[in-house]
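Listing of coords-v2.cif; format and content: mmCIF, C-alpha atoms.
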data_work
#
loop_
_atom_site.label_atom_id
_atom_site.label_comp_id
_atom_site.auth_asym_id
_atom_site.auth_seq_id
_atom_site.Cartn_x
_atom_site.Cartn_y
_atom_site.Cartn_z
CA MET V 1 -37.36 123.65 -99.05
CA LEU V 2 -37.87 121.78 -95.73
CA SER V 3 -37.34 123.51 -92.51
CA LEU V 4 -34.89 122.35 -89.86
CA TYR V 5 -37.67 120.99 -87.70
CA ASP V 6 -39.04 118.88 -90.52
CA ARG V 7 -35.62 117.45 -91.24
CA ILE V 8 -35.19 116.29 -87.62
CA ARG V 9 -38.57 114.57 -87.63
CA LEU V 10 -37.77 112.85 -90.92
CA LEU V 11 -34.42 111.63 -89.53
CA ARG V 12 -36.04 110.16 -86.40
CA GLY V 13 -38.58 108.30 -88.47
CA SER V 14 -35.91 106.79 -90.69
CA VAL V 15 -33.98 105.54 -87.64
CA PHE V 16 -37.11 104.00 -86.17
CA ALA V 17 -37.95 102.25 -89.42
CA VAL V 18 -34.49 100.76 -89.74
CA SER V 19 -34.58 99.48 -86.14
CA PHE V 20 -37.98 97.95 -86.72
CA VAL V 21 -36.84 96.15 -89.84
CA LEU V 22 -33.77 94.77 -88.08
CA ALA V 23 -35.88 93.45 -85.24
CA ILE V 24 -38.31 91.71 -87.65
CA THR V 25 -35.41 90.17 -89.55
CA ALA V 26 -33.77 88.80 -86.38
CA THR V 27 -37.07 87.24 -85.27
CA LEU V 28 -37.77 85.57 -88.59
CA GLY V 29 -34.19 84.26 -88.89
CA THR V 30 -34.01 82.44 -85.50
CA GLY V 31 -37.63 81.19 -85.25
CA SER V 32 -37.81 82.23 -81.60
CA PRO V 33 -37.59 85.52 -79.82
CA ALA V 34 -34.19 86.56 -78.60
CA PHE V 35 -33.90 87.33 -74.93
CA ALA V 36 -31.14 88.49 -72.76
CA LEU V 37 -29.63 86.01 -70.31
CA SER V 38 -31.16 87.91 -67.38
CA GLU V 39 -34.59 87.84 -69.12
CA LEU V 40 -34.41 84.05 -69.73
CA LYS V 41 -34.00 83.33 -65.97
CA GLN V 42 -37.06 85.41 -65.15
CA ILE V 43 -39.52 84.06 -67.77
CA PRO V 44 -42.21 82.08 -65.94
CA GLY V 45 -43.01 78.55 -67.18
CA GLN V 46 -39.74 78.34 -69.07
CA VAL V 47 -37.90 75.11 -68.31
CA GLN V 48 -34.22 75.43 -68.44
CA GLU V 49 -32.54 72.65 -70.30
CA GLN V 50 -29.96 70.74 -68.30
CA PRO V 51 -26.86 69.56 -70.04
CA GLU V 52 -27.12 65.87 -70.83
CA ARG V 53 -24.85 63.62 -68.79
CA ASP V 54 -22.67 61.22 -70.48
CA SER V 55 -24.72 58.03 -70.33
CA ALA V 56 -21.78 55.90 -71.35
CA PRO V 57 -20.67 53.61 -68.50
CA THR V 58 -17.50 54.52 -66.77
CA ALA V 59 -14.72 52.27 -67.85
CA GLN V 60 -13.43 50.16 -64.92
CA THR V 61 -9.77 49.78 -64.41
CA PRO V 62 -8.92 46.17 -65.17
CA PRO V 63 -7.11 44.29 -62.40
CA PRO V 64 -3.42 44.04 -62.90
CA GLU V 65 -2.40 40.87 -64.58
CA GLU V 66 -0.22 38.59 -62.49
CA ALA V 67 3.19 38.33 -63.89
CA GLU V 68 4.06 34.92 -65.14
CA PRO V 69 7.03 33.31 -63.41
CA GLY V 70 10.19 33.79 -65.34
CA GLU V 71 12.86 31.26 -65.97
CA GLY V 72 14.35 29.77 -62.81
CA GLU V 73 11.35 30.82 -60.68
CA GLN V 74 8.94 28.24 -59.24
CA LEU V 75 5.25 28.82 -59.06
CA GLN V 76 4.26 29.35 -55.41
CA LEU V 77 1.19 27.25 -54.63
CA PRO V 78 -1.02 28.09 -51.64
CA LEU V 79 -0.72 25.86 -48.63
CA PRO V 80 -3.53 23.32 -48.23
CA ASP V 81 -6.31 24.10 -45.77
CA PRO V 82 -6.48 22.00 -42.62
CA LEU V 83 -8.51 18.85 -42.91
CA ILE V 84 -10.67 19.92 -39.99
CA ARG V 85 -12.18 23.38 -40.05
CA ARG V 86 -13.43 25.04 -36.93
CA ASP V 87 -15.94 27.83 -36.91
CA ALA V 88 -14.93 31.13 -35.45
CA GLY V 89 -15.22 31.10 -31.70
CA GLU V 90 -15.23 27.31 -31.52
CA GLU V 91 -12.82 26.15 -28.88
CA ALA V 92 -10.43 23.37 -29.63
CA VAL V 93 -11.23 20.18 -27.80
CA THR V 94 -8.41 19.12 -25.54
CA GLU V 95 -7.82 15.44 -25.29
CA PRO V 96 -8.16 14.27 -21.70
CA ALA V 97 -4.83 13.49 -20.14
CA GLU V 98 -4.13 9.94 -19.18
CA ASP V 99 -5.11 9.15 -15.66
CA LYS V 100 -2.06 9.20 -13.54
CA ALA V 101 -1.70 6.82 -10.69
CA VAL V 102 -2.91 8.57 -7.58
CA THR V 103 -0.82 7.81 -4.55
CA GLU V 104 -3.14 6.89 -1.74
CA PRO V 105 -2.25 8.42 1.61
CA GLU V 106 -0.62 6.07 4.05
CA PRO V 107 -2.90 4.89 6.83
CA PRO V 108 -2.10 6.49 10.17
CA VAL V 109 0.34 4.55 12.31
CA GLU V 110 -0.81 3.71 15.83
CA VAL V 111 2.10 4.45 18.11
CA LEU V 112 2.10 2.57 21.43
CA TYR V 113 4.01 3.50 24.57
CA ASP V 114 2.24 1.25 27.04
CA ILE V 115 4.03 -2.08 26.91
CA THR V 116 1.06 -3.74 28.54
CA LYS V 117 -0.76 -3.31 25.19
CA ALA V 118 1.58 -5.95 23.74
CA PRO V 119 1.19 -9.71 24.39
CA GLU V 120 2.84 -11.13 27.52
CA PRO V 121 5.61 -12.96 25.62
CA VAL V 122 6.55 -9.67 23.90
CA GLN V 123 6.68 -7.86 27.24
CA ARG V 124 8.88 -10.59 28.74
CA MET V 125 11.41 -10.63 25.85
CA ARG V 126 11.75 -6.87 25.88
CA GLU V 127 12.40 -6.89 29.63
CA LEU V 128 15.11 -9.54 29.26
CA ILE V 129 16.85 -7.60 26.46
CA VAL V 130 16.83 -4.39 28.49
CA GLU V 131 18.33 -6.16 31.53
CA ALA V 132 21.09 -7.73 29.42
CA ALA V 133 21.97 -4.50 27.61
CA ALA V 134 21.99 -2.46 30.81
CA SER V 135 24.50 -4.89 32.37
CA GLY V 136 27.21 -3.85 29.93
CA ASP V 137 28.02 -7.49 29.19
CA ILE V 138 27.18 -8.29 25.58
CA GLU V 139 27.51 -12.04 26.28
CA ARG V 140 24.27 -11.88 28.23
CA LEU V 141 22.49 -11.41 24.90
CA ARG V 142 23.63 -14.79 23.57
CA SER V 143 20.82 -16.83 25.18
CA LEU V 144 18.25 -14.37 23.85
CA LEU V 145 19.53 -14.34 20.25
CA GLY V 146 18.55 -17.95 19.65
CA LYS V 147 20.06 -20.59 17.37
CA GLY V 148 19.39 -22.20 14.03
CA PRO V 149 16.10 -21.23 12.30
CA THR V 150 15.04 -19.07 15.24
CA GLN V 151 18.32 -17.14 15.46
CA THR V 152 17.91 -13.35 15.61
CA GLN V 153 18.88 -11.50 12.46
CA VAL V 154 21.60 -9.02 13.38
CA SER V 155 22.78 -8.08 9.90
CA ILE V 156 21.01 -7.32 6.64
CA VAL V 157 23.59 -9.56 4.98
CA GLU V 158 23.09 -13.24 5.69
CA GLY V 159 26.10 -14.96 7.23
CA THR V 160 27.16 -17.83 9.45
CA ASP V 161 29.08 -15.73 11.95
CA ASP V 162 28.21 -15.90 15.62
CA PRO V 163 25.58 -13.17 16.32
CA VAL V 164 27.43 -11.85 19.35
CA THR V 165 30.63 -11.57 17.32
CA THR V 166 28.72 -9.74 14.60
CA LEU V 167 27.29 -7.24 17.09
CA LYS V 168 30.76 -6.57 18.51
CA GLY V 169 31.98 -5.84 15.02
CA LEU V 170 29.16 -3.32 14.51
CA SER V 171 30.02 -1.47 17.72
CA GLY V 172 32.47 1.40 17.84
CA ASP V 173 34.34 -0.25 20.65
CA PRO V 174 35.79 -3.77 20.94
CA ASP V 175 33.53 -4.79 23.83
CA GLY V 176 30.25 -3.91 22.14
CA ILE V 177 29.26 -1.31 24.72
CA GLU V 178 28.10 1.16 22.08
CA ILE V 179 25.78 -1.36 20.47
CA LEU V 180 24.24 -2.13 23.87
CA ALA V 181 23.57 1.58 24.43
CA ILE V 182 21.88 1.82 21.03
CA LEU V 183 19.76 -1.19 21.87
CA LEU V 184 18.56 0.44 25.09
CA ASP V 185 17.77 3.73 23.35
CA VAL V 186 15.73 1.99 20.66
CA LEU V 187 13.67 -0.03 23.17
CA ALA V 188 12.96 3.18 25.16
CA THR V 189 10.86 4.68 22.34
CA GLY V 190 7.30 4.00 21.33
CA PHE V 191 6.51 0.95 19.20
CA VAL V 192 4.05 -0.18 16.55
CA LYS V 193 2.41 -3.43 15.49
CA VAL V 194 2.94 -4.36 11.84
CA ASP V 195 1.37 -7.04 9.63
CA ALA V 196 -1.37 -7.56 12.19
CA GLY V 197 -3.32 -10.79 11.83
CA THR V 198 -0.70 -12.43 9.59
CA PRO V 199 2.09 -14.94 10.28
CA ASN V 200 4.52 -12.02 10.05
CA GLU V 201 2.88 -9.98 12.80
CA THR V 202 5.64 -8.17 14.67
CA TYR V 203 6.06 -5.49 17.33
CA VAL V 204 8.68 -3.02 16.13
CA TRP V 205 10.81 -0.43 17.95
CA PRO V 206 11.20 2.48 17.25
CA TYR V 207 7.96 3.50 15.60
CA PHE V 208 9.92 5.80 13.27
CA ALA V 209 10.68 2.70 11.21
CA GLU V 210 7.03 2.57 10.15
CA LYS V 211 6.12 6.25 10.07
CA SER V 212 6.88 8.91 7.47
CA LEU V 213 9.50 11.31 8.75
CA ASP V 214 7.69 14.21 7.05
CA THR V 215 4.76 13.74 9.43
CA LEU V 216 6.73 13.85 12.66
CA SER V 217 5.64 16.41 15.22
CA PRO V 218 8.25 18.50 17.09
CA PRO V 219 8.12 16.23 20.19
CA GLU V 220 8.54 13.18 17.96
CA LYS V 221 11.59 14.78 16.30
CA VAL V 222 13.09 15.31 19.76
CA GLU V 223 12.50 11.63 20.49
CA LEU V 224 14.17 10.65 17.22
CA LEU V 225 17.20 12.86 17.88
CA ARG V 226 17.77 10.97 21.14
CA ILE V 227 18.72 8.05 18.90
CA VAL V 228 20.41 9.71 15.92
CA THR V 229 22.15 13.00 15.21
CA ALA V 230 20.68 15.91 13.28
CA GLY V 231 22.95 15.01 10.38
CA ASP V 232 21.62 11.45 10.42
CA PHE V 233 18.08 12.81 10.41
CA ALA V 234 18.81 14.98 7.35
CA ASP V 235 20.29 11.96 5.57
CA MET V 236 17.20 9.93 6.42
CA GLN V 237 14.94 12.59 4.95
CA GLU V 238 16.95 12.53 1.76
CA PHE V 239 16.91 8.73 1.82
CA GLY V 240 13.16 8.70 2.29
CA GLY V 241 12.77 6.94 5.63
CA TYR V 242 14.26 5.80 8.90
CA ASN V 243 17.29 3.55 8.32
CA PHE V 244 18.93 3.23 11.73
CA TYR V 245 18.67 0.28 14.12
CA ARG V 246 15.34 -1.37 14.84
CA VAL V 247 14.12 -4.25 16.99
CA GLY V 248 11.37 -6.73 16.14
CA ILE V 249 9.67 -9.23 18.48
CA SER V 250 6.99 -11.67 17.37
CA PRO V 251 3.75 -12.15 19.38
CA ASP V 252 5.10 -15.44 20.80
CA GLY V 253 8.16 -13.66 22.23
CA GLN V 254 10.79 -14.51 19.60
CA TRP V 255 13.45 -11.85 19.04
CA LYS V 256 13.27 -11.70 15.27
CA PHE V 257 15.77 -8.98 14.33
CA PHE V 258 18.08 -6.21 15.49
CA VAL V 259 19.37 -4.59 12.30
CA ALA V 260 20.15 -1.24 10.72
CA GLY V 261 19.12 -0.23 7.23
CA ASP V 262 15.94 -0.07 5.18
#

How does this structure look as structure tokens?
Amino acid sequence: MLSLYDRIRLLRGSVFAVSFVLAITATLGTGSPAFALSELKQIPGQVQEQPERDSAPTAQTPPPEEAEPGEGEQLQLPLPDPLIRRDAGEEAVTEPAEDKAVTEPEPPVEVLYDITKAPEPVQRMRELIVEAAASGDIERLRSLLGKGPTQTQVSIVEGTDDPVTTLKGLSGDPDGIEILAILLDVLATGFVKVDAGTPNETYVWPYFAEKSLDTLSPPEKVELLRIVTAGDFADMQEFGGYNFYRVGISPDGQWKFFVAGD
């Protein structure tokens, strides 16, 4: 009979043999040693296999199909492109504007105050008119107004009336005193020579008749308001020029006109 000690040794050996056999069987069955997960990460030279990625191409989402127009709907076509394309940043060419007529500035008017600058016949006729007007007798103008083709124009409207009668009718009084006063005032201003060197050359009083009212200096405006009122001056500016009485004498001393208007 075996002792207790011998039985324990025999039991240990049996357990060892069974464990050994199980280990050999596990190795032969798998064809490779079995390791714990922690032991696999620490084995040198062992390449860990990466999971294979799906090599199949990713399916692209097809573009949405345009819905076909239903009944009663019209197909909208794109607008046509412009016939002329311009690159980005290119500036549009502006057609040059038509040349507008440029108004040339009026030549300066030479205003004369010295009557000796006029020809002798002009000086003489002016002196005779002043003497007749200052007398207060309008009949003294008759011999100076002329007759026939050389008759002085006293109205912008042609007529056959006697010039003295016409002047009386233009005056604010029946005797023509007012028109004589106007005549004196006009001949007291400066004068200008117009149409020089032509058959129509004339010495004209007042010079305002040939000068733009917009260019008048303050002293010249004072001189003008000795003939007309401020209201008349405003009307003239709106009209565009002097339109009160004026006197014209030709170089040979003929009294050509004494009229009001443009």

Can you check which parts of region 151-209 of chain V lie within 9 Å of region 137-142 of chain V? Per residue, the shortest pair of atoms and distance in Å to one decimal, counting all atoms listed in the file, sorted by chain and number, as JSON lines.
{"residue": "V:Pro163", "atom": "CA", "partner": "V:Arg142", "partner_atom": "CA", "distance": 7.7}
{"residue": "V:Val164", "atom": "CA", "partner": "V:Arg142", "partner_atom": "CA", "distance": 6.4}
{"residue": "V:Leu167", "atom": "CA", "partner": "V:Ile138", "partner_atom": "CA", "distance": 8.6}
{"residue": "V:Lys168", "atom": "CA", "partner": "V:Ile138", "partner_atom": "CA", "distance": 8.1}
{"residue": "V:Asp175", "atom": "CA", "partner": "V:Ile138", "partner_atom": "CA", "distance": 7.5}
{"residue": "V:Gly176", "atom": "CA", "partner": "V:Ile138", "partner_atom": "CA", "distance": 6.4}
{"residue": "V:Ile177", "atom": "CA", "partner": "V:Ile138", "partner_atom": "CA", "distance": 7.3}
{"residue": "V:Ile179", "atom": "CA", "partner": "V:Ile138", "partner_atom": "CA", "distance": 8.7}
{"residue": "V:Leu180", "atom": "CA", "partner": "V:Ile138", "partner_atom": "CA", "distance": 7.0}

Evaluate the PyMOL selection byres ((chain V and resi 145-161) around 6) here and jot the selected residues down as number ranges by chain.
V: 142-144, 162, 255-259

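Our summary of the geometry notes that CA of Asp252 (chain V) is positioned 19.6 Å from CA of Gly190 (chain V).
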
Using all atoms listed in the file, the residue out of V:Ala234, V:Leu224, V:Ala134, V:Ala209 with shortest distance to Phe191 (chain V) is V:Ala209

Excluding same-chain residues fewer than 6 positions from Ala196 (chain V), what lies within 10 Å of it counting all atoms listed in the file, as an MDAnalysis selection string?
chainID V and resid 202:203 251

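Distance annotation: of V:Ile182, V:Val122, V:Ala188, V:Met236, the residue with the minimal separation from Trp205 (chain V) is V:Ala188; atom set is only C-alpha atoms.
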
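Between CA of Thr116 (chain V) and CA of Lys193 (chain V) the separation is 13.1 Å.
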
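For Asp232 (chain V), the set of protein, DNA and RNA residues having any atom at most 10 Å away, when counting all atoms listed in the file and skipping those fewer than 4 positions along the same chain, is V:Leu225, V:Ile227, V:Val228, V:Met236, V:Gln237, V:Glu238, V:Tyr242, V:Asn243, V:Phe244.
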
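For the atom pair formed by CA of Asp235 (chain V) and CA of Leu213 (chain V), the distance is 11.3 Å, given to one decimal.
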